[in-house]
>>> print(open('final-v7.cif').read())   # mmCIF, C-alpha atoms
data_final
loop_
_atom_site.label_atom_id
_atom_site.label_comp_id
_atom_site.auth_asym_id
_atom_site.auth_seq_id
_atom_site.Cartn_x
_atom_site.Cartn_y
_atom_site.Cartn_z
CA MET Y 1 -92.76 94.79 27.83
CA TRP Y 2 -89.41 94.36 29.53
CA GLN Y 3 -88.22 97.63 28.11
CA TRP Y 4 -91.18 99.39 29.70
CA PHE Y 5 -90.46 97.64 32.98
CA HIS Y 6 -86.86 98.79 32.99
CA ARG Y 7 -87.79 102.32 32.08
CA LEU Y 8 -90.27 102.37 34.98
CA ALA Y 9 -87.52 101.14 37.25
CA SER Y 10 -85.18 103.93 36.25
CA PRO Y 11 -85.09 106.49 39.07
CA ARG Y 12 -84.76 109.36 36.66
CA TRP Y 13 -87.82 108.35 34.66
CA PHE Y 14 -89.82 107.75 37.83
CA TYR Y 15 -88.86 111.15 39.20
CA GLN Y 16 -90.03 112.90 36.07
CA ALA Y 17 -93.24 110.90 35.66
CA SER Y 18 -94.24 111.11 39.32
CA GLY Y 19 -93.75 114.89 39.25
CA LYS Y 20 -96.54 115.02 36.68
CA PHE Y 21 -99.12 112.92 38.52
CA LEU Y 22 -98.32 113.86 42.12
CA PRO Y 23 -100.40 117.09 42.03
CA TRP Y 24 -103.37 115.14 40.67
CA ILE Y 25 -103.34 112.42 43.32
CA SER Y 26 -102.80 115.10 45.95
CA MET Y 27 -105.95 116.88 44.85
CA LEU Y 28 -107.93 113.64 44.72
CA GLY Y 29 -106.67 112.66 48.17
CA LEU Y 30 -107.57 116.05 49.62
CA PHE Y 31 -111.02 115.79 48.04
CA PHE Y 32 -111.80 112.29 49.36
CA ILE Y 33 -110.43 112.91 52.86
CA SER Y 34 -112.23 116.22 53.34
CA LEU Y 35 -115.45 114.73 51.95
CA GLY Y 36 -115.12 111.67 54.21
CA LEU Y 37 -114.28 113.71 57.31
CA VAL Y 38 -117.15 116.17 56.91
CA TRP Y 39 -119.58 113.39 56.01
CA GLY Y 40 -118.43 110.98 58.69
CA LEU Y 41 -117.92 113.42 61.54
CA GLY Y 42 -120.72 115.82 60.72
CA PHE Y 43 -123.52 114.03 58.92
CA ALA Y 44 -123.38 110.29 59.60
CA PRO Y 45 -125.85 109.24 62.30
CA GLN Y 46 -124.72 108.35 65.83
CA ASP Y 47 -124.31 104.75 66.85
CA ALA Y 48 -127.13 103.41 69.00
CA LYS Y 49 -124.82 102.03 71.68
CA GLN Y 50 -121.63 104.09 71.46
CA GLY Y 51 -123.08 107.47 70.58
CA ASN Y 52 -120.56 109.79 68.96
CA SER Y 53 -117.46 107.96 70.10
CA PHE Y 54 -117.84 105.46 67.24
CA ARG Y 55 -116.77 108.20 64.82
CA ILE Y 56 -113.12 107.45 65.49
CA ILE Y 57 -113.72 104.49 63.15
CA TYR Y 58 -113.33 106.96 60.25
CA ILE Y 59 -109.63 107.25 61.14
CA HIS Y 60 -109.00 103.93 62.85
CA VAL Y 61 -110.19 101.53 60.14
CA PRO Y 62 -108.59 103.30 57.13
CA SER Y 63 -105.22 103.64 58.90
CA SER Y 64 -105.29 99.98 60.00
CA PHE Y 65 -106.04 98.98 56.39
CA LEU Y 66 -103.10 100.95 55.07
CA ALA Y 67 -100.83 99.69 57.85
CA LEU Y 68 -101.41 96.13 56.56
CA VAL Y 69 -101.45 96.94 52.82
CA GLY Y 70 -98.36 99.12 53.26
CA TYR Y 71 -96.48 96.24 54.80
CA TYR Y 72 -97.12 94.06 51.74
CA ILE Y 73 -95.98 96.92 49.49
CA MET Y 74 -92.78 97.27 51.54
CA ALA Y 75 -92.11 93.52 51.57
CA ALA Y 76 -92.83 93.15 47.84
CA ALA Y 77 -90.43 96.02 47.09
CA GLY Y 78 -87.87 94.32 49.33
CA ALA Y 79 -88.26 91.02 47.45
CA ILE Y 80 -87.85 92.77 44.08
CA ALA Y 81 -84.76 94.56 45.40
CA ILE Y 82 -83.24 91.25 46.53
CA ILE Y 83 -84.07 89.23 43.41
CA TRP Y 84 -83.67 91.71 40.56
CA LYS Y 85 -81.37 94.24 42.28
CA ILE Y 86 -83.52 97.10 41.07
CA LYS Y 87 -82.44 100.36 42.70
CA LEU Y 88 -85.90 101.88 42.64
CA ALA Y 89 -87.40 98.91 44.54
CA ASP Y 90 -84.93 99.47 47.33
CA MET Y 91 -85.96 103.12 47.50
CA VAL Y 92 -89.63 102.12 47.62
CA MET Y 93 -88.89 99.83 50.56
CA LYS Y 94 -86.97 102.55 52.35
CA ALA Y 95 -89.76 105.08 51.81
CA ALA Y 96 -92.56 102.66 52.75
CA ALA Y 97 -91.21 101.70 56.19
CA PRO Y 98 -91.68 104.98 58.12
CA ILE Y 99 -95.02 105.64 56.41
CA GLY Y 100 -96.32 102.21 57.39
CA ALA Y 101 -95.04 102.68 60.93
CA ALA Y 102 -96.92 105.99 61.13
CA PHE Y 103 -100.20 104.40 59.96
CA THR Y 104 -99.75 101.53 62.45
CA PHE Y 105 -99.11 104.01 65.24
CA VAL Y 106 -102.26 105.95 64.36
CA ALA Y 107 -104.27 102.71 64.32
CA LEU Y 108 -102.94 101.71 67.77
CA LEU Y 109 -103.46 105.19 69.21
CA THR Y 110 -107.02 105.67 67.92
CA GLY Y 111 -107.84 102.14 69.09
CA ALA Y 112 -106.63 102.94 72.60
CA ILE Y 113 -108.59 106.21 72.68
CA TRP Y 114 -111.72 104.36 71.56
CA GLY Y 115 -111.09 101.42 73.87
CA LYS Y 116 -111.30 103.41 77.11
CA PRO Y 117 -114.94 104.58 76.77
CA THR Y 118 -116.11 101.42 74.98
CA TRP Y 119 -114.31 98.51 76.65
CA GLY Y 120 -113.24 100.24 79.83
CA THR Y 121 -109.50 99.97 79.16
CA TYR Y 122 -106.91 101.61 76.91
CA TRP Y 123 -104.96 98.45 76.30
CA ILE Y 124 -105.38 94.70 76.50
CA TRP Y 125 -103.00 91.97 75.40
CA ASP Y 126 -105.42 90.20 73.10
CA ALA Y 127 -104.37 88.60 69.82
CA ARG Y 128 -105.44 91.48 67.56
CA ILE Y 129 -103.81 94.27 69.54
CA THR Y 130 -100.64 92.35 70.33
CA SER Y 131 -100.12 91.30 66.70
CA MET Y 132 -100.67 94.91 65.64
CA LEU Y 133 -98.00 96.01 68.13
CA ILE Y 134 -95.67 93.40 66.63
CA LEU Y 135 -96.36 94.94 63.21
CA PHE Y 136 -95.28 98.30 64.59
CA PHE Y 137 -92.04 96.77 65.91
CA LEU Y 138 -91.45 95.04 62.55
CA TYR Y 139 -91.70 98.40 60.81
CA LEU Y 140 -89.28 99.91 63.35
CA GLY Y 141 -86.93 96.96 62.83
CA VAL Y 142 -86.91 97.49 59.06
CA ILE Y 143 -86.21 101.21 59.55
CA ILE Y 144 -83.32 100.51 61.93
CA LEU Y 145 -81.79 97.74 59.80
CA GLN Y 146 -81.66 100.04 56.79
CA SER Y 147 -78.99 102.11 58.45
CA SER Y 148 -77.29 99.41 60.50
CA TYR Y 149 -74.38 98.48 58.19
CA GLU Y 150 -71.72 100.65 56.63
CA HIS Y 151 -72.29 98.81 53.39
CA LYS Y 152 -75.53 100.07 51.88
CA GLY Y 153 -76.32 96.88 49.95
CA LEU Y 154 -75.94 94.77 53.06
CA SER Y 155 -78.27 96.99 55.12
CA SER Y 156 -81.02 96.95 52.56
CA LYS Y 157 -80.69 93.18 52.09
CA ALA Y 158 -81.05 92.65 55.86
CA ALA Y 159 -84.03 95.02 56.00
CA ALA Y 160 -85.69 93.28 53.05
CA LEU Y 161 -85.24 89.87 54.69
CA LEU Y 162 -86.84 91.10 57.92
CA ALA Y 163 -89.68 92.62 55.91
CA LEU Y 164 -90.23 89.28 54.12
CA VAL Y 165 -90.16 87.23 57.31
CA GLY Y 166 -92.63 89.67 58.87
CA THR Y 167 -95.26 89.12 56.15
CA VAL Y 168 -96.43 86.08 58.11
CA ASN Y 169 -97.86 88.52 60.66
CA ILE Y 170 -100.29 90.17 58.22
CA PRO Y 171 -102.78 87.28 57.83
CA ILE Y 172 -102.45 86.69 61.59
CA ILE Y 173 -103.52 90.27 62.32
CA TYR Y 174 -106.32 90.05 59.80
CA LYS Y 175 -107.72 86.71 61.01
CA SER Y 176 -106.82 87.02 64.73
CA VAL Y 177 -110.36 88.02 65.70
CA ASP Y 178 -111.75 84.87 64.03
CA TRP Y 179 -109.08 82.38 65.10
CA TRP Y 180 -108.91 83.24 68.79
CA TYR Y 181 -111.13 84.75 71.47
CA THR Y 182 -110.25 88.43 71.61
CA LEU Y 183 -111.68 91.57 73.14
CA HIS Y 184 -111.52 93.25 69.74
CA GLN Y 185 -114.69 92.64 67.77
CA PRO Y 186 -114.65 90.73 64.45
CA ALA Y 187 -114.42 92.66 61.18
CA THR Y 188 -117.30 94.92 60.22
CA ILE Y 189 -116.21 95.11 56.57
CA ARG Y 190 -115.79 91.72 54.93
CA PHE Y 191 -114.95 90.70 51.42
CA THR Y 192 -117.56 87.96 51.23
CA GLU Y 193 -120.58 89.51 52.95
CA ALA Y 194 -122.35 92.83 53.26
CA PRO Y 195 -120.87 95.08 55.97
CA SER Y 196 -122.56 94.82 59.37
CA MET Y 197 -122.93 98.58 59.43
CA HIS Y 198 -125.78 100.82 58.41
CA PRO Y 199 -125.24 102.26 54.87
CA ASP Y 200 -125.49 105.84 56.19
CA MET Y 201 -122.43 105.14 58.35
CA PHE Y 202 -120.66 102.85 55.90
CA GLN Y 203 -120.60 105.16 52.86
CA PRO Y 204 -118.45 107.86 54.52
CA LEU Y 205 -116.16 105.12 55.82
CA LEU Y 206 -115.67 103.85 52.27
CA VAL Y 207 -114.84 107.41 51.14
CA MET Y 208 -112.30 107.68 53.96
CA ILE Y 209 -110.68 104.37 52.99
CA VAL Y 210 -110.30 105.58 49.38
CA GLY Y 211 -108.94 108.88 50.72
CA PHE Y 212 -106.39 107.07 52.88
CA TYR Y 213 -105.19 105.03 49.91
CA PHE Y 214 -104.50 108.34 48.16
CA LEU Y 215 -102.86 109.73 51.29
CA TYR Y 216 -100.61 106.68 51.40
CA ALA Y 217 -99.75 107.03 47.71
CA ILE Y 218 -98.95 110.74 48.13
CA ALA Y 219 -96.69 110.11 51.11
CA LEU Y 220 -94.97 107.16 49.39
CA VAL Y 221 -94.36 108.91 46.06
CA ALA Y 222 -93.18 112.12 47.76
CA SER Y 223 -90.65 110.32 49.93
CA ILE Y 224 -89.45 108.12 47.05
CA ARG Y 225 -88.73 111.34 45.15
CA VAL Y 226 -86.69 112.69 48.04
CA GLU Y 227 -84.83 109.38 48.25
CA ILE Y 228 -84.11 109.45 44.49
CA LEU Y 229 -82.66 112.94 44.67
CA HIS Y 230 -80.55 111.96 47.65
CA ARG Y 231 -79.12 108.77 46.16
CA GLU Y 232 -78.62 110.16 42.68
CA ARG Y 233 -77.18 113.44 43.90
CA ARG Y 234 -73.88 112.83 42.10
CA THR Y 235 -75.49 112.12 38.72
CA LYS Y 236 -75.63 114.73 36.04
CA TRP Y 237 -79.39 114.88 35.71
CA VAL Y 238 -79.92 115.68 39.39
CA GLN Y 239 -77.17 118.29 39.35
CA ASP Y 240 -78.72 119.84 36.26
CA LEU Y 241 -82.10 119.81 37.91
CA VAL Y 242 -80.88 121.42 41.08
CA PHE Y 243 -78.39 123.95 39.75
CA THR Y 244 -79.45 125.00 36.27
CA ASN Y 245 -83.13 124.24 35.80
CA LYS Y 246 -84.09 125.63 39.16
CA ASN Y 247 -87.08 127.50 37.80
CA ASN Y 248 -88.30 124.80 35.44
CA ASP Y 249 -90.46 122.48 37.46
CA PRO Y 250 -89.87 118.84 36.42
CA MET Z 1 -84.79 83.97 33.84
CA HIS Z 2 -81.19 84.37 34.86
CA PRO Z 3 -80.13 81.40 37.05
CA LEU Z 4 -78.88 83.70 39.83
CA ARG Z 5 -82.20 85.54 39.92
CA ARG Z 6 -84.09 82.28 39.85
CA TYR Z 7 -82.01 81.11 42.80
CA ARG Z 8 -82.75 84.31 44.76
CA LEU Z 9 -86.46 84.03 43.92
CA THR Z 10 -86.53 80.46 45.22
CA MET Z 11 -84.75 81.54 48.39
CA VAL Z 12 -87.26 84.36 49.00
CA ILE Z 13 -90.22 82.00 48.52
CA PHE Z 14 -88.53 79.40 50.71
CA ILE Z 15 -88.00 81.91 53.56
CA VAL Z 16 -91.57 83.17 53.44
CA VAL Z 17 -93.10 79.67 53.28
CA MET Z 18 -90.87 78.29 56.04
CA THR Z 19 -91.53 81.16 58.47
CA SER Z 20 -95.25 80.87 57.75
CA ILE Z 21 -95.18 77.16 58.60
CA ALA Z 22 -93.08 77.76 61.73
CA VAL Z 23 -95.28 80.58 63.03
CA GLY Z 24 -98.42 78.67 62.04
CA LEU Z 25 -97.37 75.59 64.02
CA MET Z 26 -96.31 77.73 66.96
CA SER Z 27 -99.56 79.64 67.21
CA PHE Z 28 -101.51 76.40 66.75
CA ALA Z 29 -99.62 74.85 69.65
CA LEU Z 30 -100.12 77.95 71.80
CA ARG Z 31 -103.72 78.58 70.75
CA LYS Z 32 -105.06 78.14 74.31
CA ASN Z 33 -102.63 80.76 75.62
CA ILE Z 34 -103.43 83.15 72.79
CA ASN Z 35 -107.15 83.04 73.59
CA LEU Z 36 -107.92 86.04 75.75
CA PHE Z 37 -110.57 84.33 77.89
CA TYR Z 38 -112.22 81.05 78.80
CA THR Z 39 -115.75 80.47 77.54
CA PRO Z 40 -118.48 79.54 80.04
CA SER Z 41 -118.56 76.04 78.48
CA SER Z 42 -114.88 75.43 79.17
CA VAL Z 43 -115.38 76.64 82.77
CA VAL Z 44 -118.29 74.22 83.27
CA LEU Z 45 -116.24 71.40 81.73
CA GLY Z 46 -113.55 72.10 84.31
CA GLU Z 47 -110.90 73.28 81.83
CA ALA Z 48 -110.43 76.58 83.64
CA PRO Z 49 -108.19 76.41 86.75
CA ILE Z 50 -109.62 77.31 90.16
CA ASN Z 51 -108.11 80.14 92.24
CA VAL Z 52 -105.85 81.28 89.43
CA ASN Z 53 -106.10 84.67 87.77
CA ILE Z 54 -107.94 84.10 84.47
CA ARG Z 55 -110.46 85.79 82.22
CA VAL Z 56 -113.96 84.58 81.40
CA GLY Z 57 -115.94 86.07 78.54
CA GLY Z 58 -119.35 85.75 76.94
CA MET Z 59 -122.70 87.42 76.49
CA VAL Z 60 -124.38 88.83 79.59
CA VAL Z 61 -127.61 86.86 80.08
CA GLU Z 62 -130.74 89.01 79.74
CA GLY Z 63 -132.35 89.65 83.13
CA SER Z 64 -129.44 88.20 85.09
CA LEU Z 65 -127.86 91.45 86.29
CA ILE Z 66 -128.48 92.22 89.95
CA ARG Z 67 -126.94 95.32 91.53
CA ALA Z 68 -126.69 95.73 95.31
CA GLU Z 69 -128.48 98.80 96.59
CA ASP Z 70 -125.93 99.84 99.22
CA SER Z 71 -122.65 98.96 97.49
CA LEU Z 72 -121.02 98.60 94.08
CA LEU Z 73 -121.48 94.84 94.17
CA SER Z 74 -123.11 93.35 91.08
CA ILE Z 75 -123.85 89.79 90.04
CA PHE Z 76 -124.61 88.61 86.52
CA LYS Z 77 -124.33 85.53 84.34
CA VAL Z 78 -122.33 85.19 81.12
CA THR Z 79 -123.19 82.61 78.49
CA ASP Z 80 -121.80 81.26 75.23
CA GLY Z 81 -125.18 79.87 74.24
CA VAL Z 82 -124.47 76.48 75.83
CA SER Z 83 -123.43 77.04 79.45
CA GLU Z 84 -123.63 79.86 81.95
CA VAL Z 85 -121.22 81.12 84.59
CA LYS Z 86 -122.15 83.40 87.48
CA VAL Z 87 -119.86 86.43 87.83
CA GLN Z 88 -119.60 88.55 90.97
CA HIS Z 89 -117.97 91.95 90.71
CA GLU Z 90 -117.40 94.78 93.14
CA GLY Z 91 -116.65 98.01 91.34
CA ILE Z 92 -117.78 100.19 88.48
CA LEU Z 93 -119.00 98.47 85.33
CA PRO Z 94 -118.07 100.11 82.00
CA ASP Z 95 -120.70 102.33 80.37
CA MET Z 96 -121.09 99.94 77.46
CA PHE Z 97 -121.78 97.02 79.78
CA ALA Z 98 -125.35 95.82 79.13
CA GLU Z 99 -127.48 92.71 79.34
CA GLY Z 100 -127.37 90.97 75.97
CA GLY Z 101 -123.97 92.53 75.22
CA GLY Z 102 -120.53 90.95 75.47
CA ALA Z 103 -118.33 91.15 78.56
CA VAL Z 104 -114.87 89.92 79.55
CA ALA Z 105 -114.14 89.61 83.27
CA THR Z 106 -110.73 89.19 84.92
CA GLY Z 107 -110.56 87.42 88.27
CA LYS Z 108 -110.55 84.04 89.96
CA LEU Z 109 -112.92 81.11 89.86
CA ASP Z 110 -113.90 79.97 93.37
CA GLU Z 111 -114.73 76.41 94.50
CA ASN Z 112 -118.45 76.87 93.83
CA PHE Z 113 -117.70 77.86 90.22
CA ILE Z 114 -118.62 81.47 90.87
CA PHE Z 115 -116.27 83.85 89.12
CA ILE Z 116 -115.03 86.60 91.46
CA ALA Z 117 -114.07 89.37 89.06
CA SER Z 118 -111.63 92.17 89.83
CA THR Z 119 -112.30 94.02 86.56
CA VAL Z 120 -115.05 93.74 83.97
CA LEU Z 121 -114.63 94.98 80.39
CA ALA Z 122 -117.40 95.39 77.84
CA LYS Z 123 -116.89 93.65 74.50
CA HIS Z 124 -118.36 95.52 71.58
CA ASP Z 125 -119.85 93.65 68.61
CA GLU Z 126 -119.16 94.41 64.95
CA ASN Z 127 -122.58 95.95 64.31
CA TYR Z 128 -122.99 99.67 63.87
CA MET Z 129 -126.45 101.14 63.65
CA PRO Z 130 -128.14 104.51 64.11
CA PRO Z 131 -130.50 104.72 67.16
CA GLU Z 132 -133.67 105.03 65.04
CA VAL Z 133 -132.92 101.76 63.27
CA THR Z 134 -132.29 99.95 66.57
CA PHE Z 135 -135.55 101.36 67.90
CA ALA Z 136 -137.46 100.18 64.82
CA MET Z 137 -135.88 96.73 65.09
CA ASP Z 138 -136.81 96.43 68.75
CA GLU Z 139 -140.35 97.45 67.91
CA ALA Z 140 -140.54 94.86 65.16
CA ARG Z 141 -139.18 92.17 67.48
CA LEU Z 142 -141.77 93.04 70.15
CA HIS Z 143 -144.48 92.97 67.50
CA THR Z 144 -143.52 89.50 66.23
CA LYS Z 145 -143.26 88.28 69.83
CA LYS Z 146 -146.76 89.53 70.47
CA LEU Z 147 -148.09 87.92 67.28
CA ASN Z 148 -146.41 84.65 68.20
CA SER Z 149 -147.87 84.63 71.68
CA GLU Z 150 -151.31 85.44 70.29
CA ALA Z 151 -150.96 82.63 67.79
CA GLY Z 152 -149.86 80.38 70.65
CA SER Z 153 -152.87 81.23 72.80
CA LEU Z 154 -155.16 80.68 69.80
CA ASN Z 155 -153.65 77.25 69.29
CA ASN Z 156 -154.12 76.43 72.94
CA ASN Z 157 -157.78 77.31 72.71
#
>>> encode(input="final-v7.cif", output="structure tokens")
Amino acid sequence: MWQWFHRLASPRWFYQASGKFLPWISMLGLFFISLGLVWGLGFAPQDAKQGNSFRIIYIHVPSSFLALVGYYIMAAAGAIAIIWKIKLADMVMKAAAPIGAAFTFVALLTGAIWGKPTWGTYWIWDARITSMLILFFLYLGVIILQSSYEHKGLSSKAAALLALVGTVNIPIIYKSVDWWYTLHQPATIRFTEAPSMHPDMFQPLLVMIVGFYFLYAIALVASIRVEILHRERRTKWVQDLVFTNKNNDP
Amino acid sequence: MHPLRRYRLTMVIFIVVMTSIAVGLMSFALRKNINLFYTPSSVVLGEAPINVNIRVGGMVVEGSLIRAEDSLLSIFKVTDGVSEVKVQHEGILPDMFAEGGGAVATGKLDENFIFIASTVLAKHDENYMPPEVTFAMDEARLHTKKLNSEAGSLNNN
């Protein structure tokens, strides 16, 4: 079991294996996202109160989900990098930070666009929105810390520590609408109950969430591969790959 | 497990647990400041300060909205199911503002416990439904109401 674990953690092995499954997850992601977009934007019924403006939910909710899940992925990779000093974990953390920041930004932006016609304001400092903004700053902090020291090990250790400390924010974001009075409504999708959304509107949303998980995986794997090539650029296998086997795809 | 790794693992868990406790205590202590608005009950109990900029939020009471005919002045009541607060607002209400829906008003509470709002925001609930379904549900509600009132009048006779 440990042998398998170490092989998985070898950048070279990961590069070769991910090259095989990346096209497949890309196709699946493209399939789910195009299905969800056409279904959600074109065929799902309007909302009784909000009309068509509710349709931004098909981007807003999936990207918020991935912003939170992505943070845990980044922090877990950071913890593994600190404890076991696995090179690949450090690369995962480095790749996950900008992707998570992008998803958080999309969630904040779509929320603001939706907020104006629904609430009457783009922005309000309620617990949900403020904690989400803090998440965005945490991501930015991790990105900046990664290149803040000359010594690479020191930078990634600092970034991993910030990522770990920031995990406390995730349950706060998730539960903020239940713990405090906020302008943001409570969750529509819950783990314990049926969603408070009509099935005709909920099914495309579910497809979009699955699609966004794939999108996240594609972005993460692709940027880990770039990071591997960059960090291992002096090793023989990368040099072979780049200079001699140019035409043989991995 | 290697002792050094075990030590690092303990440190990581320690950091995460300690920050969680610290942030948890902090947000518990500041919970009143984190709340976006006062509920009508807390206003009636006198917890909300008078003549200070605050927010009050709740459901707009059905049938309470009065709009002036010659100005943008509107008066309505918000409730949390226990108490009600009268809100007076001069300006445009958001499109989603409706009786029976949520609203959050920013402004000042005057001496007569009337909330003079400078802005009113609509609060959306977590329910999403196509118009036909809402229509059918309203119909069903009216129908049961009618049945109930008929049953009531039968009982009275």
>>> interface_residues(input="final-v7.cif", of="chain Y", to="chain Z", cutoff="8 Å", atoms="all atoms listed in the file", output="number ranges by chain")
Y: 45-50, 79, 82-84, 117-121, 125-127, 164-165, 167-168, 180-188, 196-198, 201
>>> residues_around(input="final-v7.cif", residues="Val106 in chain Y", least_positions_apart="2", cutoff="9 Å", atoms="all atoms listed in the file", output="number ranges by chain")
Y: 59-60, 63-64, 101-104, 108-111
>>> write_last_selection(input="final-v7.cif", atoms="C-alpha atoms", output="PDB file, in the frame of the given file")
ATOM      1  CA  ILE Y  59    -109.630 107.250  61.140  1.00  0.00           C
ATOM      2  CA  HIS Y  60    -109.000 103.930  62.850  1.00  0.00           C
ATOM      3  CA  SER Y  63    -105.220 103.640  58.900  1.00  0.00           C
ATOM      4  CA  SER Y  64    -105.290  99.980  60.000  1.00  0.00           C
ATOM      5  CA  ALA Y 101     -95.040 102.680  60.930  1.00  0.00           C
ATOM      6  CA  ALA Y 102     -96.920 105.990  61.130  1.00  0.00           C
ATOM      7  CA  PHE Y 103    -100.200 104.400  59.960  1.00  0.00           C
ATOM      8  CA  THR Y 104     -99.750 101.530  62.450  1.00  0.00           C
ATOM      9  CA  LEU Y 108    -102.940 101.710  67.770  1.00  0.00           C
ATOM     10  CA  LEU Y 109    -103.460 105.190  69.210  1.00  0.00           C
ATOM     11  CA  THR Y 110    -107.020 105.670  67.920  1.00  0.00           C
ATOM     12  CA  GLY Y 111    -107.840 102.140  69.090  1.00  0.00           C
TER      13      GLY Y 111
END
>>> resolve_selection(input="final-v7.cif", expression="the PyMOL selection byres ((chain Y and resi 215) around 12)", output="PyMOL selection string")
chain Y and resi 22+24-34+62-63+66+70+99-100+103+208-214+216-222
>>> resolve_selection(input="final-v7.cif", expression="the PyMOL selection byres ((chain Z and resi 51) around 9)", output="count of residues only")
10
>>> residues_around(input="final-v7.cif", residues="Ser118 in chain Z", least_positions_apart="2", cutoff="8 Å", atoms="all atoms listed in the file", output="list in words")
His89, Glu90, Gly91, Ala105, Thr106, Gly107, Ile116 and Val120 of chain Z
>>> write_last_selection(input="final-v7.cif", atoms="C-alpha atoms", output="tab-separated table (two decimals), in the coordinates of the input")
chain	number	residue	atom	x	y	z
Z	89	HIS	CA	-117.97	91.95	90.71
Z	90	GLU	CA	-117.40	94.78	93.14
Z	91	GLY	CA	-116.65	98.01	91.34
Z	105	ALA	CA	-114.14	89.61	83.27
Z	106	THR	CA	-110.73	89.19	84.92
Z	107	GLY	CA	-110.56	87.42	88.27
Z	116	ILE	CA	-115.03	86.60	91.46
Z	120	VAL	CA	-115.05	93.74	83.97
>>> atom_distance(input="final-v7.cif", atom1="CA of Lys157 in chain Y", atom2="CA of Leu140 in chain Y")
15.7 Å
>>> resolve_selection(input="final-v7.cif", expression="the PyMOL selection byres ((chain Z and resi 66) around 10)", output="JSON, numbers by chain")
{"Z": [63, 64, 65, 67, 68, 69, 73, 74, 75, 76, 77, 88]}
>>> atom_distance(input="final-v7.cif", atom1="CA of Glu99 in chain Z", atom2="CA of Ile56 in chain Y")
24.8 Å
>>> residues_around(input="final-v7.cif", residues="Glu232 in chain Y", least_positions_apart="3", cutoff="12 Å", atoms="all atoms listed in the file", output="list in words")
Ser10, Pro11, Arg12, Tyr15, Lys87, Leu88, Met91, Ile224, Arg225, Val226, Glu227, Ile228, Leu229, Thr235, Lys236, Trp237, Val238, Gln239, Asp240, Leu241 and Val242 of chain Y
>>> write_last_selection(input="final-v7.cif", atoms="C-alpha atoms", output="short mmCIF file (atom, residue, chain, number, x, y, z; two decimals), in the frame of the given file")
data_model
loop_
_atom_site.label_atom_id
_atom_site.label_comp_id
_atom_site.auth_asym_id
_atom_site.auth_seq_id
_atom_site.Cartn_x
_atom_site.Cartn_y
_atom_site.Cartn_z
CA SER Y 10 -85.18 103.93 36.25
CA PRO Y 11 -85.09 106.49 39.07
CA ARG Y 12 -84.76 109.36 36.66
CA TYR Y 15 -88.86 111.15 39.20
CA LYS Y 87 -82.44 100.36 42.70
CA LEU Y 88 -85.90 101.88 42.64
CA MET Y 91 -85.96 103.12 47.50
CA ILE Y 224 -89.45 108.12 47.05
CA ARG Y 225 -88.73 111.34 45.15
CA VAL Y 226 -86.69 112.69 48.04
CA GLU Y 227 -84.83 109.38 48.25
CA ILE Y 228 -84.11 109.45 44.49
CA LEU Y 229 -82.66 112.94 44.67
CA THR Y 235 -75.49 112.12 38.72
CA LYS Y 236 -75.63 114.73 36.04
CA TRP Y 237 -79.39 114.88 35.71
CA VAL Y 238 -79.92 115.68 39.39
CA GLN Y 239 -77.17 118.29 39.35
CA ASP Y 240 -78.72 119.84 36.26
CA LEU Y 241 -82.10 119.81 37.91
CA VAL Y 242 -80.88 121.42 41.08
#
